[in-house]
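Take a look at the structure set out below.
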Amino acid sequence: MARRGRGRDISGVVIVDKPQGISSNDAVQRAKRLFGARKVGHTGALDPLATGVLPLCFGEATKFSQYLLSSDKKYWTRLQLGVATDSGDSDGQVLSTRPVEGVDEARIEDALRFFRGEIDQVPSMFSAIKHQGQPLYKLARQGISVEREARRVNIFSNELVALNGDQLELEIHCSKGTYVRTIAEELGELLGCGAHVIALRRRAAGPYDESDLVTFEELEAAREKGSLDSFLQPVSSTVRGWPEVMLTDNTAYYLKQGQPVIVPQAPTSGWVRLAEILDDESSRFIGVGEILDDGRVAPRRLVS
């Protein structure tokens with residue numbers, strides 16, 4: 001039993017529908033109190049303005065959060081044309097207002113081609129990236145701007161789904177590290193009128209999407225009923241969709257000692273999820289591994 005004050009040693013993942021107006025860290029602390037959990041962390045921050053898919057990792061699942069941080073994301077966003085803000089969203093101060101006349105679907109579609117595929121993107125000063133230990137957004141709020149290096153990101157798709165007057169909606173599928181607010185700012189400048197984000201919803205993060213979501217209201221109601229832990233998805237869900245390698249107890253023993261092992265019919269390359277075959281012929285997730293050049297399976301991250 002965990003010592004008093006430490007919290008419960010529970011493991012798993014809860015996919016919270018982050019409400020607007022709170023930070024990702026606020027969501028972590030709220031979930032930690034609800035579950036009485038000892039260890040909780042999120043897997044990629046959402047701005048207070050944003051809502052949607054926020055995977056929270058509990059206990060052993062925090063060991064695999066890095067794979068969610070590096071996963072693809074999907075977003076829906078609504079942009080306000082004709083107004084540019086210092087933050088690139090509606091929480092910022094207005095920098096300029098310009099007419100939107102002549103901006104139609106054809107012009108937007110033509111401009112969007114510059115925001116597809118691999119592009120270089122300079123992170124916003126209002127991002128959570130750190131400079132000398134300080135998040136950029138804290139510096140920005142002090143009126144400080146620092147040099148930021150462009151980062152290569154991949155926009156797998158970026159589609160116009162609606163244009164209503166001076167507001168447009170996009171659906172974006174992108175790689176890690178992509179900033180939707182930066183797309184909004186640069187798209188607005190390309191259109192000659194400026195733009196900023198007025199609504200943003202994350203629809204998917206890695207293996208999780210909106211079908212996995214649970215609200216804080218649902219979690220609070222479940223706590224009252226004593227069924228809160230039913231919302232915990234297994235630790236293995238962090239890498240669901242990866243190829244699975246099944247290990248006998250003997251092979252699993254050596255792998256747990258840190259030794260690469262030979263597994264018949266294993267994939268020939270890439271990362272895999274590892275499962276140990278139990279006596280009753282069921283299996284148990286034990287971590288993730290990588291296929292070496294010689295075909296052996298090497299352990300990379302294991303559950304305790």
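In the structure tokens, chains take letters A, B, ... by order of appearance, with residues numbered from 1 within each chain and ligands from 1 in the order shown.
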
- Item | Surrounding residues of Arg152 (chain A) excluding itself and chain neighbours under 6 positions, 12 Å, only C-alpha atoms, as a list in words |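 Everything that qualifies: Phe115, Arg116, Gly117, Glu118, Ile119, Asp120, Gln121, Val122, Pro123, Cys174, Ser175, Lys176, Gly177, Thr178 and Tyr179 of chain A.
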
Next, write the just-selected residues to a file, as a tab-separated table (two decimals), in the first residue's frame, keeping N, CA and C atoms as the atom set.
chain	number	residue	atom	x	y	z
A	115	PHE	N	1.08	25.30	-47.19
A	115	PHE	CA	1.02	24.78	-45.83
A	115	PHE	C	0.64	23.30	-45.84
A	116	ARG	N	1.22	22.60	-46.81
A	116	ARG	CA	1.05	21.15	-46.94
A	116	ARG	C	2.42	20.54	-47.23
A	117	GLY	N	2.58	19.29	-46.78
A	117	GLY	CA	3.85	18.62	-46.96
A	117	GLY	C	4.87	19.09	-45.93
A	118	GLU	N	6.15	18.89	-46.21
A	118	GLU	CA	7.20	19.31	-45.29
A	118	GLU	C	7.45	20.80	-45.45
A	119	ILE	N	7.36	21.51	-44.34
A	119	ILE	CA	7.59	22.96	-44.35
A	119	ILE	C	8.46	23.33	-43.15
A	120	ASP	N	9.11	24.48	-43.24
A	120	ASP	CA	9.86	25.02	-42.11
A	120	ASP	C	8.96	26.02	-41.39
A	121	GLN	N	8.87	25.88	-40.08
A	121	GLN	CA	7.97	26.72	-39.30
A	121	GLN	C	8.72	27.30	-38.10
A	122	VAL	N	8.64	28.62	-37.94
A	122	VAL	CA	9.24	29.28	-36.78
A	122	VAL	C	8.23	29.26	-35.65
A	123	PRO	N	8.56	28.64	-34.51
A	123	PRO	CA	7.61	28.56	-33.39
A	123	PRO	C	7.19	29.94	-32.91
A	174	CYS	N	-1.13	16.72	-38.85
A	174	CYS	CA	0.25	17.19	-38.87
A	174	CYS	C	1.16	16.37	-37.96
A	175	SER	N	2.45	16.58	-38.13
A	175	SER	CA	3.44	15.92	-37.29
A	175	SER	C	3.59	16.67	-35.97
A	176	LYS	N	4.33	16.07	-35.05
A	176	LYS	CA	4.59	16.70	-33.77
A	176	LYS	C	5.27	18.06	-33.99
A	177	GLY	N	5.07	18.97	-33.06
A	177	GLY	CA	5.76	20.25	-33.12
A	177	GLY	C	5.16	21.27	-34.05
A	178	THR	N	4.01	20.95	-34.66
A	178	THR	CA	3.35	21.90	-35.56
A	178	THR	C	2.49	22.86	-34.75
A	179	TYR	N	2.58	24.15	-35.08
A	179	TYR	CA	1.78	25.16	-34.38
A	179	TYR	C	0.70	25.69	-35.32

- Query: Can you list every residue in region 10-158 of chain A that DSSP puts in alpha helix (DSSP H), as a ChimeraX atom specification?
  - Reply: /A:24-35,65-69,105-112,136-141

- Nearby residues (only C-alpha atoms) at most 12 Å from Ile183 (chain A), same-chain spacing under 5 positions excluded, as a VMD selection string: chain A and resid 77 to 79 88 to 89 111 to 116 119 to 124 153 155 158 170 to 172 174 178 188 to 190 194 to 197

- Item | Using only C-alpha atoms: which of A:Ala31, A:Leu187, A:Val261, A:Val14 has the shortest distance to Gln80 (chain A) | A:Leu187

- With distances taken over only C-alpha atoms, which of A:Ala45, A:Val263, A:Val103, A:Ile277 is nearest to Ala128 (chain A)?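 Between A:Ala45, A:Val263, A:Val103, A:Ile277, the residue approaching Ala128 (chain A) most closely is A:Ala45.
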
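The residue that comes closest to Leu213 (chain A), out of A:Val297, A:Leu274, A:Leu69, A:Leu232 and on the basis of only C-alpha atoms, is A:Leu232.
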
- Item | Polymer residues at most 12 Å from Leu139 (chain A), only C-alpha atoms, same-chain spacing of 3 or more positions, as a list in words |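 Near neighbours after the sequence-gap exclusion: Ser124, Met125, Phe126, Ser127, Ala128, Ile129, Lys130, His131, Gln132, Gly133, Gln134, Pro135, Leu136, Gln142, Gly143, Ile144, Ser145, Val146 and Glu147 of chain A.
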
Go ahead and write the selection's residues with N, CA and C atoms as an mmCIF file, in the first residue's frame.
data_model
loop_
_atom_site.group_PDB
_atom_site.id
_atom_site.type_symbol
_atom_site.label_atom_id
_atom_site.label_comp_id
_atom_site.auth_asym_id
_atom_site.auth_seq_id
_atom_site.Cartn_x
_atom_site.Cartn_y
_atom_site.Cartn_z
ATOM 1 N N SER A 124 5.957 30.039 -32.466
ATOM 2 C CA SER A 124 5.436 31.291 -31.939
ATOM 3 C C SER A 124 6.135 31.677 -30.632
ATOM 4 N N MET A 125 6.256 32.967 -30.386
ATOM 5 C CA MET A 125 6.770 33.428 -29.091
ATOM 6 C C MET A 125 5.806 33.059 -27.969
ATOM 7 N N PHE A 126 4.587 32.679 -28.318
ATOM 8 C CA PHE A 126 3.606 32.316 -27.301
ATOM 9 C C PHE A 126 3.500 30.790 -27.151
ATOM 10 N N SER A 127 4.541 30.081 -27.583
ATOM 11 C CA SER A 127 4.573 28.629 -27.414
ATOM 12 C C SER A 127 5.221 28.276 -26.077
ATOM 13 N N ALA A 128 5.167 26.985 -25.739
ATOM 14 C CA ALA A 128 5.729 26.515 -24.468
ATOM 15 C C ALA A 128 7.191 26.109 -24.592
ATOM 16 N N ILE A 129 7.781 26.282 -25.784
ATOM 17 C CA ILE A 129 9.198 25.979 -25.967
ATOM 18 C C ILE A 129 10.017 26.843 -25.011
ATOM 19 N N LYS A 130 11.066 26.251 -24.443
ATOM 20 C CA LYS A 130 11.859 26.984 -23.449
ATOM 21 C C LYS A 130 13.102 27.619 -24.059
ATOM 22 N N HIS A 131 13.414 28.811 -23.561
ATOM 23 C CA HIS A 131 14.624 29.533 -23.916
ATOM 24 C C HIS A 131 15.363 29.846 -22.624
ATOM 25 N N GLN A 132 16.539 29.223 -22.468
ATOM 26 C CA GLN A 132 17.319 29.381 -21.237
ATOM 27 C C GLN A 132 16.457 29.087 -19.998
ATOM 28 N N GLY A 133 15.677 28.016 -20.112
ATOM 29 C CA GLY A 133 14.874 27.558 -18.974
ATOM 30 C C GLY A 133 13.537 28.237 -18.802
ATOM 31 N N GLN A 134 13.237 29.237 -19.602
ATOM 32 C CA GLN A 134 11.974 29.975 -19.489
ATOM 33 C C GLN A 134 11.083 29.676 -20.676
ATOM 34 N N PRO A 135 9.804 29.329 -20.445
ATOM 35 C CA PRO A 135 8.887 29.157 -21.577
ATOM 36 C C PRO A 135 8.775 30.451 -22.369
ATOM 37 N N LEU A 136 8.733 30.322 -23.696
ATOM 38 C CA LEU A 136 8.677 31.513 -24.537
ATOM 39 C C LEU A 136 7.468 32.388 -24.225
ATOM 40 N N GLN A 142 6.109 39.441 -21.165
ATOM 41 C CA GLN A 142 6.925 40.530 -20.621
ATOM 42 C C GLN A 142 7.398 41.475 -21.716
ATOM 43 N N GLY A 143 6.913 41.208 -22.934
ATOM 44 C CA GLY A 143 7.299 42.040 -24.064
ATOM 45 C C GLY A 143 8.667 41.707 -24.626
ATOM 46 N N ILE A 144 9.182 40.530 -24.280
ATOM 47 C CA ILE A 144 10.507 40.112 -24.737
ATOM 48 C C ILE A 144 10.362 39.155 -25.923
ATOM 49 N N SER A 145 11.135 39.385 -26.959
ATOM 50 C CA SER A 145 11.153 38.495 -28.114
ATOM 51 C C SER A 145 12.572 37.996 -28.318
ATOM 52 N N VAL A 146 12.722 36.703 -28.583
ATOM 53 C CA VAL A 146 14.043 36.123 -28.802
ATOM 54 C C VAL A 146 14.064 35.415 -30.148
ATOM 55 N N GLU A 147 15.278 35.208 -30.654
ATOM 56 C CA GLU A 147 15.450 34.513 -31.927
ATOM 57 C C GLU A 147 15.021 33.054 -31.772
#

- Note on the structure: Closest of A:Met246, A:Leu228, A:Thr43, A:Pro264 to Phe216 (chain A), counting only C-alpha atoms, is A:Leu228

- Residue nearest Asp72 (chain A) - candidates A:Asn154, A:Gln257, A:Thr215, A:Thr238, atoms counted: only C-alpha atoms: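 The answer is A:Asn154, which sits nearest to Asp72 (chain A).
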
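Checking A:Ala37, A:Leu56, A:Ile286, A:Leu255 one by one against Val13 (chain A), counting only C-alpha atoms, you find the shortest gap at A:Leu56.
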
- Message: Can you tell me which residues surround Glu276 (chain A) at a distance of at most 9 Å, considering only C-alpha atoms, apart from same-chain residues fewer than 6 positions away, and format the answer as an MDAnalysis selection string?
- Response: chainID A and resid 245:249 251:252 282:286

- Message: Would you compute the distance between CA of Asp104 (chain A) and CA of Leu191 (chain A)? Give it in Å to one decimal.
- Response: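 For CA of Asp104 (chain A) relative to CA of Leu191 (chain A), the distance reads 9.8 Å.
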
- Who sits within 8 Å of Gly52 (chain A), only C-alpha atoms, same chain under 4 positions skipped, as a PyMOL selection string: chain A and resi 16-19+201-203+210+213

Atoms to include: C-alpha atoms. Write the selected residues as a compact mmCIF listing (two decimals), in the first residue's frame.
# COMPACT_ATOMS: atom_id res chain seq x y z
CA VAL A 16 -9.62 13.81 -21.23
CA ASP A 17 -11.72 16.21 -23.29
CA LYS A 18 -9.87 19.32 -22.17
CA PRO A 19 -12.30 22.19 -21.69
CA ARG A 201 -9.96 21.47 -31.12
CA ARG A 202 -7.56 18.54 -31.11
CA ARG A 203 -9.38 15.61 -32.66
CA GLU A 210 -12.58 11.71 -29.99
CA LEU A 213 -12.84 11.08 -24.79

- Find the spatial neighbours of Gly289 (chain A), counting only C-alpha atoms, within a cut-off of 6 Å - ignore same-chain residues fewer than 5 positions away - and output them as number ranges by chain. A: 271-272, 298-300

Now that the selection is made, can you save its residues with N, CA and C atoms as an mmCIF file, in the first residue's frame?
data_model
loop_
_atom_site.group_PDB
_atom_site.id
_atom_site.type_symbol
_atom_site.label_atom_id
_atom_site.label_comp_id
_atom_site.auth_asym_id
_atom_site.auth_seq_id
_atom_site.Cartn_x
_atom_site.Cartn_y
_atom_site.Cartn_z
ATOM 1 N N TRP A 271 9.993 -0.299 -34.723
ATOM 2 C CA TRP A 271 9.652 -0.442 -33.315
ATOM 3 C C TRP A 271 8.470 -1.390 -33.168
ATOM 4 N N VAL A 272 8.445 -2.120 -32.047
ATOM 5 C CA VAL A 272 7.396 -3.107 -31.803
ATOM 6 C C VAL A 272 6.941 -3.045 -30.358
ATOM 7 N N ALA A 298 15.477 -5.900 -29.586
ATOM 8 C CA ALA A 298 16.159 -5.286 -28.441
ATOM 9 C C ALA A 298 15.153 -4.537 -27.580
ATOM 10 N N PRO A 299 15.212 -4.707 -26.258
ATOM 11 C CA PRO A 299 14.292 -3.956 -25.375
ATOM 12 C C PRO A 299 14.670 -2.485 -25.349
ATOM 13 N N ARG A 300 13.663 -1.613 -25.358
ATOM 14 C CA ARG A 300 13.929 -0.174 -25.302
ATOM 15 C C ARG A 300 13.248 0.491 -24.092
#

- Message: Could you tell me how far CA of Ile22 (chain A) sits from CA of Arg38 (chain A), in Å to one decimal place?
- Response: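 Rounded to one decimal, the two atoms are 21.5 Å apart.
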
- Task: Using CA of Glu281 (chain A) and CA of Ile10 (chain A) as the two end points, give the distance in Å to one decimal.
- Result: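 Atom-to-atom, CA of Glu281 (chain A) to CA of Ile10 (chain A), that is 25.4 Å.
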
- Message: Taking only region 213-299 of chain A into account, list the residues labelled strand (DSSP E) by DSSP (computed from the backbone), as number ranges by chain.
- Response: A: 244-247, 271-277, 283-291, 297-299
